[in-house]
file entry04.txt (compact mmCIF, N, CA and C atoms and all ligand atoms)
# COMPACT_ATOMS: atom_id res chain seq x y z
N MET A 48 -134.05 -26.99 20.74
CA MET A 48 -134.09 -25.56 21.10
C MET A 48 -133.17 -24.78 20.16
N SER A 49 -133.75 -24.32 19.08
CA SER A 49 -132.90 -23.62 18.11
C SER A 49 -133.08 -22.11 18.20
N GLN A 50 -133.91 -21.67 19.12
CA GLN A 50 -134.12 -20.23 19.23
C GLN A 50 -133.07 -19.59 20.13
N LEU A 51 -132.56 -18.47 19.68
CA LEU A 51 -131.63 -17.70 20.50
C LEU A 51 -132.44 -16.72 21.34
N SER A 52 -131.87 -16.32 22.45
CA SER A 52 -132.55 -15.31 23.25
C SER A 52 -132.47 -13.97 22.52
N LYS A 53 -133.30 -13.05 22.95
CA LYS A 53 -133.33 -11.74 22.30
C LYS A 53 -131.98 -11.07 22.31
N SER A 54 -131.28 -11.17 23.46
CA SER A 54 -129.99 -10.48 23.56
C SER A 54 -128.93 -11.19 22.71
N ASP A 55 -129.06 -12.52 22.57
CA ASP A 55 -128.15 -13.25 21.69
C ASP A 55 -128.32 -12.80 20.25
N VAL A 56 -129.59 -12.74 19.84
CA VAL A 56 -129.90 -12.29 18.48
C VAL A 56 -129.36 -10.89 18.26
N GLN A 57 -129.52 -10.06 19.26
CA GLN A 57 -129.04 -8.69 19.18
C GLN A 57 -127.52 -8.65 18.98
N SER A 58 -126.81 -9.52 19.71
CA SER A 58 -125.35 -9.56 19.58
C SER A 58 -124.95 -9.94 18.17
N VAL A 59 -125.62 -10.96 17.62
CA VAL A 59 -125.30 -11.40 16.26
C VAL A 59 -125.61 -10.29 15.27
N GLU A 60 -126.76 -9.65 15.47
CA GLU A 60 -127.15 -8.58 14.56
C GLU A 60 -126.15 -7.42 14.62
N ASN A 61 -125.69 -7.10 15.82
CA ASN A 61 -124.69 -6.04 15.96
C ASN A 61 -123.42 -6.39 15.20
N LYS A 62 -123.00 -7.65 15.33
CA LYS A 62 -121.79 -8.10 14.62
C LYS A 62 -121.97 -7.92 13.12
N LEU A 63 -123.13 -8.31 12.62
CA LEU A 63 -123.40 -8.20 11.18
C LEU A 63 -123.37 -6.74 10.74
N ASN A 64 -123.98 -5.89 11.55
CA ASN A 64 -124.04 -4.48 11.16
C ASN A 64 -122.66 -3.82 11.23
N GLU A 65 -121.85 -4.25 12.20
CA GLU A 65 -120.48 -3.73 12.29
C GLU A 65 -119.68 -4.12 11.05
N ARG A 66 -119.82 -5.40 10.67
CA ARG A 66 -119.10 -5.91 9.51
C ARG A 66 -119.56 -5.20 8.25
N LYS A 67 -120.85 -4.98 8.17
CA LYS A 67 -121.43 -4.31 7.01
C LYS A 67 -120.85 -2.89 6.89
N LYS A 68 -120.77 -2.22 8.01
CA LYS A 68 -120.23 -0.87 8.02
C LYS A 68 -118.78 -0.86 7.55
N ALA A 69 -118.00 -1.84 8.06
CA ALA A 69 -116.59 -1.93 7.70
C ALA A 69 -116.44 -2.18 6.20
N LEU A 70 -117.30 -3.05 5.66
CA LEU A 70 -117.25 -3.37 4.23
C LEU A 70 -117.61 -2.15 3.39
N LEU A 71 -118.63 -1.43 3.83
CA LEU A 71 -119.03 -0.25 3.07
C LEU A 71 -117.92 0.79 3.07
N GLU A 72 -117.23 0.86 4.20
CA GLU A 72 -116.10 1.79 4.30
C GLU A 72 -115.01 1.38 3.31
N GLU A 73 -114.75 0.06 3.23
CA GLU A 73 -113.76 -0.44 2.26
C GLU A 73 -114.17 -0.08 0.84
N VAL A 74 -115.44 -0.29 0.54
CA VAL A 74 -115.94 0.00 -0.81
C VAL A 74 -115.78 1.49 -1.12
N ARG A 75 -116.15 2.29 -0.13
CA ARG A 75 -116.10 3.73 -0.34
C ARG A 75 -114.65 4.19 -0.59
N LYS A 76 -113.72 3.65 0.20
CA LYS A 76 -112.31 4.00 0.03
C LYS A 76 -111.81 3.56 -1.34
N GLU A 77 -112.20 2.34 -1.70
CA GLU A 77 -111.79 1.79 -2.99
C GLU A 77 -112.26 2.70 -4.12
N LEU A 78 -113.50 3.15 -4.02
CA LEU A 78 -114.04 4.01 -5.07
C LEU A 78 -113.38 5.38 -5.03
N ASP A 79 -113.09 5.84 -3.83
CA ASP A 79 -112.48 7.15 -3.66
C ASP A 79 -111.11 7.22 -4.32
N GLN A 80 -110.34 6.14 -4.11
CA GLN A 80 -108.97 6.11 -4.58
C GLN A 80 -108.86 6.17 -6.09
N ARG A 81 -109.87 5.65 -6.74
CA ARG A 81 -109.76 5.53 -8.18
C ARG A 81 -110.46 6.68 -8.86
N GLU A 82 -110.87 6.37 -10.08
CA GLU A 82 -111.47 7.43 -10.89
C GLU A 82 -112.94 7.63 -10.57
N ASN A 83 -113.44 6.79 -9.63
CA ASN A 83 -114.88 6.77 -9.45
C ASN A 83 -115.38 7.62 -8.28
N GLN A 84 -114.88 8.81 -8.18
CA GLN A 84 -115.33 9.67 -7.11
C GLN A 84 -116.82 9.95 -7.23
N HIS A 85 -117.27 9.94 -8.45
CA HIS A 85 -118.71 10.13 -8.67
C HIS A 85 -119.51 9.03 -7.98
N LEU A 86 -119.05 7.77 -8.18
CA LEU A 86 -119.75 6.63 -7.56
C LEU A 86 -119.71 6.74 -6.04
N ALA A 87 -118.56 7.15 -5.53
CA ALA A 87 -118.43 7.28 -4.09
C ALA A 87 -119.44 8.28 -3.54
N SER A 88 -119.65 9.33 -4.29
CA SER A 88 -120.60 10.31 -3.81
C SER A 88 -122.04 9.82 -3.98
N VAL A 89 -122.26 9.03 -5.05
CA VAL A 89 -123.59 8.45 -5.25
C VAL A 89 -123.94 7.52 -4.10
N MET A 90 -122.91 6.77 -3.63
CA MET A 90 -123.14 5.85 -2.52
C MET A 90 -123.72 6.54 -1.31
N GLY A 91 -123.27 7.77 -1.10
CA GLY A 91 -123.79 8.54 0.02
C GLY A 91 -125.27 8.82 -0.10
N ASN A 92 -125.79 8.70 -1.34
CA ASN A 92 -127.21 8.99 -1.55
C ASN A 92 -128.06 7.74 -1.64
N HIS A 93 -127.45 6.59 -1.40
CA HIS A 93 -128.22 5.37 -1.45
C HIS A 93 -129.34 5.41 -0.41
N PRO A 94 -130.53 4.98 -0.81
CA PRO A 94 -131.69 5.06 0.10
C PRO A 94 -131.53 4.23 1.36
N GLY A 95 -130.62 3.27 1.36
CA GLY A 95 -130.40 2.51 2.59
C GLY A 95 -131.26 1.28 2.69
N ASP A 96 -131.26 0.65 3.84
CA ASP A 96 -131.89 -0.65 3.99
C ASP A 96 -133.40 -0.60 3.92
N SER A 97 -133.96 0.59 4.08
CA SER A 97 -135.42 0.66 4.06
C SER A 97 -135.95 0.57 2.63
N GLY A 98 -135.06 0.81 1.65
CA GLY A 98 -135.49 0.76 0.26
C GLY A 98 -135.71 -0.66 -0.23
N ASP A 99 -136.27 -0.80 -1.41
CA ASP A 99 -136.54 -2.12 -1.97
C ASP A 99 -135.27 -2.77 -2.50
N VAL A 100 -134.34 -1.95 -2.93
CA VAL A 100 -133.12 -2.47 -3.52
C VAL A 100 -132.10 -2.72 -2.42
N SER A 101 -131.57 -3.92 -2.37
CA SER A 101 -130.54 -4.19 -1.37
C SER A 101 -129.25 -3.51 -1.79
N LEU A 102 -128.47 -3.13 -0.82
CA LEU A 102 -127.23 -2.43 -1.09
C LEU A 102 -126.29 -3.28 -1.94
N ALA A 103 -126.26 -4.58 -1.62
CA ALA A 103 -125.39 -5.49 -2.37
C ALA A 103 -125.81 -5.55 -3.83
N ASP A 104 -127.13 -5.65 -4.06
CA ASP A 104 -127.64 -5.68 -5.44
C ASP A 104 -127.29 -4.40 -6.17
N TRP A 105 -127.45 -3.33 -5.44
CA TRP A 105 -127.20 -2.02 -6.02
C TRP A 105 -125.74 -1.90 -6.45
N LEU A 106 -124.84 -2.34 -5.58
CA LEU A 106 -123.41 -2.30 -5.91
C LEU A 106 -123.09 -3.26 -7.04
N ALA A 107 -123.73 -4.44 -7.03
CA ALA A 107 -123.49 -5.43 -8.08
C ALA A 107 -123.92 -4.87 -9.43
N ASP A 108 -125.00 -4.09 -9.43
CA ASP A 108 -125.48 -3.49 -10.66
C ASP A 108 -124.45 -2.53 -11.24
N LEU A 109 -123.70 -1.90 -10.36
CA LEU A 109 -122.67 -0.99 -10.84
C LEU A 109 -121.55 -1.75 -11.51
N ASN A 110 -121.46 -3.06 -11.17
CA ASN A 110 -120.50 -3.93 -11.84
C ASN A 110 -119.06 -3.45 -11.69
N ILE A 111 -118.69 -3.17 -10.47
CA ILE A 111 -117.32 -2.74 -10.19
C ILE A 111 -116.55 -3.95 -9.70
N LEU A 112 -115.75 -4.52 -10.58
CA LEU A 112 -115.14 -5.81 -10.26
C LEU A 112 -114.23 -5.75 -9.05
N ARG A 113 -113.58 -4.64 -8.83
CA ARG A 113 -112.61 -4.62 -7.74
C ARG A 113 -113.26 -4.60 -6.36
N VAL A 114 -114.55 -4.37 -6.28
CA VAL A 114 -115.21 -4.49 -4.98
C VAL A 114 -116.07 -5.75 -4.93
N ASP A 115 -115.77 -6.68 -5.83
CA ASP A 115 -116.52 -7.93 -5.93
C ASP A 115 -116.56 -8.70 -4.62
N ARG A 116 -115.40 -8.81 -3.97
CA ARG A 116 -115.33 -9.56 -2.72
C ARG A 116 -116.22 -8.92 -1.66
N GLN A 117 -116.15 -7.61 -1.57
CA GLN A 117 -116.97 -6.91 -0.59
C GLN A 117 -118.46 -7.08 -0.89
N VAL A 118 -118.80 -7.02 -2.20
CA VAL A 118 -120.20 -7.16 -2.58
C VAL A 118 -120.71 -8.55 -2.21
N ARG A 119 -119.86 -9.56 -2.45
CA ARG A 119 -120.26 -10.93 -2.08
C ARG A 119 -120.51 -11.05 -0.59
N GLU A 120 -119.60 -10.45 0.19
CA GLU A 120 -119.77 -10.56 1.64
C GLU A 120 -120.98 -9.75 2.11
N LEU A 121 -121.22 -8.61 1.45
CA LEU A 121 -122.41 -7.82 1.79
C LEU A 121 -123.68 -8.61 1.55
N ARG A 122 -123.69 -9.38 0.47
CA ARG A 122 -124.84 -10.23 0.17
C ARG A 122 -125.07 -11.24 1.29
N GLU A 123 -123.96 -11.85 1.74
CA GLU A 123 -124.07 -12.82 2.83
C GLU A 123 -124.63 -12.16 4.07
N ILE A 124 -124.14 -10.95 4.33
CA ILE A 124 -124.60 -10.24 5.52
C ILE A 124 -126.08 -9.89 5.40
N GLU A 125 -126.50 -9.45 4.22
CA GLU A 125 -127.91 -9.10 4.04
C GLU A 125 -128.81 -10.32 4.16
N THR A 126 -128.33 -11.45 3.60
CA THR A 126 -129.08 -12.70 3.74
C THR A 126 -129.23 -13.06 5.21
N LYS A 127 -128.11 -12.94 5.93
CA LYS A 127 -128.13 -13.31 7.34
C LYS A 127 -129.01 -12.36 8.15
N LEU A 128 -128.95 -11.08 7.83
CA LEU A 128 -129.80 -10.12 8.54
C LEU A 128 -131.27 -10.42 8.32
N ALA A 129 -131.60 -10.88 7.10
CA ALA A 129 -132.99 -11.26 6.82
C ALA A 129 -133.38 -12.46 7.68
N GLN A 130 -132.44 -13.40 7.84
CA GLN A 130 -132.71 -14.56 8.71
C GLN A 130 -132.89 -14.13 10.15
N VAL A 131 -132.08 -13.15 10.57
CA VAL A 131 -132.22 -12.64 11.93
C VAL A 131 -133.63 -12.10 12.13
N ARG A 132 -134.12 -11.36 11.13
CA ARG A 132 -135.47 -10.80 11.23
C ARG A 132 -136.53 -11.90 11.23
N ASP A 133 -136.27 -12.96 10.46
CA ASP A 133 -137.24 -14.07 10.39
C ASP A 133 -137.14 -15.01 11.58
N GLY A 134 -136.09 -14.83 12.38
CA GLY A 134 -135.89 -15.72 13.51
C GLY A 134 -135.29 -17.06 13.14
N THR A 135 -134.66 -17.14 11.96
CA THR A 135 -134.06 -18.40 11.53
C THR A 135 -132.54 -18.33 11.46
N ALA A 136 -131.95 -17.30 12.08
CA ALA A 136 -130.50 -17.10 11.98
C ALA A 136 -129.70 -18.25 12.56
N ASN A 137 -130.31 -18.97 13.49
CA ASN A 137 -129.58 -20.05 14.15
C ASN A 137 -129.83 -21.41 13.52
N GLU A 138 -130.51 -21.45 12.36
CA GLU A 138 -130.82 -22.74 11.73
C GLU A 138 -129.86 -23.01 10.59
N CYS A 139 -129.25 -24.19 10.62
CA CYS A 139 -128.39 -24.63 9.53
C CYS A 139 -129.25 -24.78 8.27
N ILE A 140 -128.78 -24.22 7.14
CA ILE A 140 -129.59 -24.28 5.91
C ILE A 140 -129.59 -25.68 5.33
N ASP A 141 -128.65 -26.52 5.75
CA ASP A 141 -128.61 -27.89 5.21
C ASP A 141 -129.42 -28.86 6.06
N CYS A 142 -129.20 -28.86 7.38
CA CYS A 142 -129.84 -29.89 8.20
C CYS A 142 -130.88 -29.31 9.17
N GLY A 143 -130.94 -27.98 9.30
CA GLY A 143 -131.95 -27.37 10.14
C GLY A 143 -131.64 -27.37 11.63
N LYS A 144 -130.49 -27.95 11.97
CA LYS A 144 -130.12 -27.94 13.39
C LYS A 144 -129.53 -26.58 13.77
N PRO A 145 -129.46 -26.30 15.07
CA PRO A 145 -128.91 -25.01 15.49
C PRO A 145 -127.44 -24.85 15.09
N ILE A 146 -127.10 -23.68 14.61
CA ILE A 146 -125.71 -23.39 14.26
C ILE A 146 -124.90 -23.16 15.54
N GLY A 147 -125.52 -22.56 16.52
CA GLY A 147 -124.84 -22.33 17.80
C GLY A 147 -124.40 -20.89 17.95
N LEU A 148 -124.64 -20.37 19.13
CA LEU A 148 -124.35 -18.96 19.37
C LEU A 148 -122.86 -18.65 19.23
N GLN A 149 -122.00 -19.50 19.78
CA GLN A 149 -120.56 -19.22 19.73
C GLN A 149 -120.08 -19.12 18.29
N ARG A 150 -120.59 -20.05 17.46
CA ARG A 150 -120.19 -20.05 16.05
C ARG A 150 -120.71 -18.80 15.36
N LEU A 151 -121.93 -18.41 15.68
CA LEU A 151 -122.51 -17.22 15.04
C LEU A 151 -121.76 -15.95 15.44
N LEU A 152 -121.30 -15.93 16.68
CA LEU A 152 -120.57 -14.74 17.12
C LEU A 152 -119.19 -14.69 16.47
N ALA A 153 -118.60 -15.88 16.26
CA ALA A 153 -117.28 -15.92 15.63
C ALA A 153 -117.39 -15.69 14.12
N TYR A 154 -118.44 -16.28 13.52
CA TYR A 154 -118.69 -16.15 12.08
C TYR A 154 -120.14 -15.71 11.88
N PRO A 155 -120.40 -14.42 12.00
CA PRO A 155 -121.80 -13.95 11.97
C PRO A 155 -122.56 -14.33 10.70
N THR A 156 -121.84 -14.59 9.60
CA THR A 156 -122.55 -14.94 8.37
C THR A 156 -122.66 -16.45 8.16
N ALA A 157 -122.29 -17.23 9.18
CA ALA A 157 -122.35 -18.69 9.04
C ALA A 157 -123.78 -19.15 8.70
N MET A 158 -123.89 -19.99 7.67
CA MET A 158 -125.19 -20.49 7.23
C MET A 158 -125.39 -21.95 7.65
N ARG A 159 -124.29 -22.60 8.02
CA ARG A 159 -124.35 -24.03 8.30
C ARG A 159 -123.76 -24.33 9.67
N CYS A 160 -124.21 -25.42 10.26
CA CYS A 160 -123.57 -25.91 11.47
C CYS A 160 -122.18 -26.42 11.12
N VAL A 161 -121.36 -26.69 12.13
CA VAL A 161 -119.97 -27.09 11.88
C VAL A 161 -119.91 -28.34 11.01
N VAL A 162 -120.77 -29.31 11.31
CA VAL A 162 -120.75 -30.58 10.58
C VAL A 162 -121.03 -30.36 9.10
N CYS A 163 -122.09 -29.61 8.81
CA CYS A 163 -122.45 -29.38 7.40
C CYS A 163 -121.43 -28.50 6.70
N GLN A 164 -120.86 -27.56 7.43
CA GLN A 164 -119.85 -26.70 6.83
C GLN A 164 -118.65 -27.51 6.39
N GLU A 165 -118.26 -28.47 7.23
CA GLU A 165 -117.11 -29.31 6.87
C GLU A 165 -117.41 -30.14 5.63
N LYS A 166 -118.61 -30.68 5.57
CA LYS A 166 -119.01 -31.45 4.38
C LYS A 166 -118.97 -30.56 3.16
N HIS A 167 -119.54 -29.37 3.31
CA HIS A 167 -119.63 -28.41 2.22
C HIS A 167 -118.23 -28.07 1.70
N GLU A 168 -117.30 -27.83 2.62
CA GLU A 168 -115.96 -27.46 2.21
C GLU A 168 -115.22 -28.63 1.55
N HIS A 169 -115.52 -29.83 2.01
CA HIS A 169 -114.92 -30.99 1.37
C HIS A 169 -115.33 -31.08 -0.09
N ILE A 170 -116.60 -30.82 -0.34
CA ILE A 170 -117.11 -30.89 -1.70
C ILE A 170 -116.44 -29.84 -2.57
N TYR A 171 -116.36 -28.60 -2.04
CA TYR A 171 -115.90 -27.51 -2.88
C TYR A 171 -114.39 -27.37 -2.93
N GLN A 172 -113.69 -27.96 -1.95
CA GLN A 172 -112.23 -27.85 -1.97
C GLN A 172 -111.59 -29.15 -2.41
N HIS A 173 -112.37 -30.04 -2.92
CA HIS A 173 -111.86 -31.33 -3.33
C HIS A 173 -110.74 -31.15 -4.35
N GLY A 174 -109.62 -31.82 -4.10
CA GLY A 174 -108.53 -31.75 -5.06
C GLY A 174 -107.56 -30.62 -4.81
N SER A 175 -107.80 -29.81 -3.78
CA SER A 175 -106.89 -28.70 -3.55
C SER A 175 -105.64 -29.14 -2.79
N HIS A 176 -105.68 -30.33 -2.18
CA HIS A 176 -104.50 -30.87 -1.50
C HIS A 176 -104.17 -32.25 -2.03
N PRO A 177 -103.74 -32.34 -3.27
CA PRO A 177 -103.52 -33.66 -3.85
C PRO A 177 -102.36 -34.39 -3.19
N GLY A 178 -102.50 -35.70 -3.04
CA GLY A 178 -101.40 -36.52 -2.59
C GLY A 178 -101.14 -36.48 -1.10
N LEU A 179 -101.95 -35.79 -0.34
CA LEU A 179 -101.67 -35.75 1.10
C LEU A 179 -102.18 -36.99 1.82
ZN ZN B 201 -126.14 -28.69 9.54
call {"tool": "encode", "arguments": {"input": "entry04.txt", "output": "structure tokens"}}
result
Amino acid sequence: MSQLSKSDVQSVENKLNERKKALLEEVRKELDQRENQHLASVMGNHPGDSGDVSLADWLADLNILRVDRQVRELREIETKLAQVRDGTANECIDCGKPIGLQRLLAYPTAMRCVVCQEKHEHIYQHGSHPGL
């Protein structure tokens, strides 16, 4: 049973949209503070999610390195939102088992179940704690 109920899906989607809003606010502030007031105002004219261009792609195209972290997280959020629409938000991308509602609510962009996430982190963090 890997399907979430409608209200569960809604909760996860709300979390994603809240996070997305917070990130966009960070990006906007970052642009505001610097010399890029023009970009900040352009952002206000972005066509939004209904357009063909994803917001993350659009920001990446601007190539503003200091909002790189936000852009990366926005990409994760957009990927996850697409999964929510496809009904696959609760499927681990590695093993296909359910990620679990609690985990999704705590980490709305989680792509893997706990087991696969741990494996994944072992691979990518190998050598970061030498000699322990
Ligand atoms: Zn898994």
call {"tool": "closest_residue", "arguments": {"input": "entry04.txt", "among": "A:Leu151, A:Ile146, A:Leu51, A:Ile170", "to": "ligand ZN 201 (chain B)", "atoms": "only C-alpha atoms and all ligand atoms"}}
result
A:Ile146
call {"tool": "closest_residue", "arguments": {"input": "entry04.txt", "among": "A:Leu152, A:Leu71, A:Gly143, A:Gln117", "to": "Ser58 in chain A", "atoms": "all atoms listed in the file"}}
result
A:Leu152
call {"tool": "closest_residue", "arguments": {"input": "entry04.txt", "among": "A:Lys144, A:Arg150, A:His169, A:Arg75", "to": "ligand ZN 201 (chain B)", "atoms": "only C-alpha atoms and all ligand atoms"}}
result
A:Lys144
call {"tool": "atom_distance", "arguments": {"input": "entry04.txt", "atom1": "atom N of Glu120 in chain A", "atom2": "atom C of Gln50 in chain A"}}
result
25.7 Å
call {"tool": "closest_atom_pairs", "arguments": {"input": "entry04.txt", "of": "chain A", "to": "ligand ZN 201 (chain B)", "cutoff": "5 Å", "atoms": "all atoms listed in the file", "output": "CSV"}}
result
residue,atom,partner,partner_atom,distance
A:Cys139,CA,B:ZN201,ZN,4.6
A:Asp141,C,B:ZN201,ZN,4.8
A:Cys142,N,B:ZN201,ZN,3.7
A:Gly143,N,B:ZN201,ZN,4.9
A:Arg159,C,B:ZN201,ZN,5.0
A:Cys160,N,B:ZN201,ZN,3.9
A:Cys163,N,B:ZN201,ZN,4.2
call {"tool": "residues_around", "arguments": {"input": "entry04.txt", "residues": "Gln149 in chain A", "least_positions_apart": "5", "cutoff": "12 Å", "atoms": "only C-alpha atoms", "output": "PyMOL selection string"}}
result
chain A and resi 51+55-56+58-59+137+154-155+157+160-161
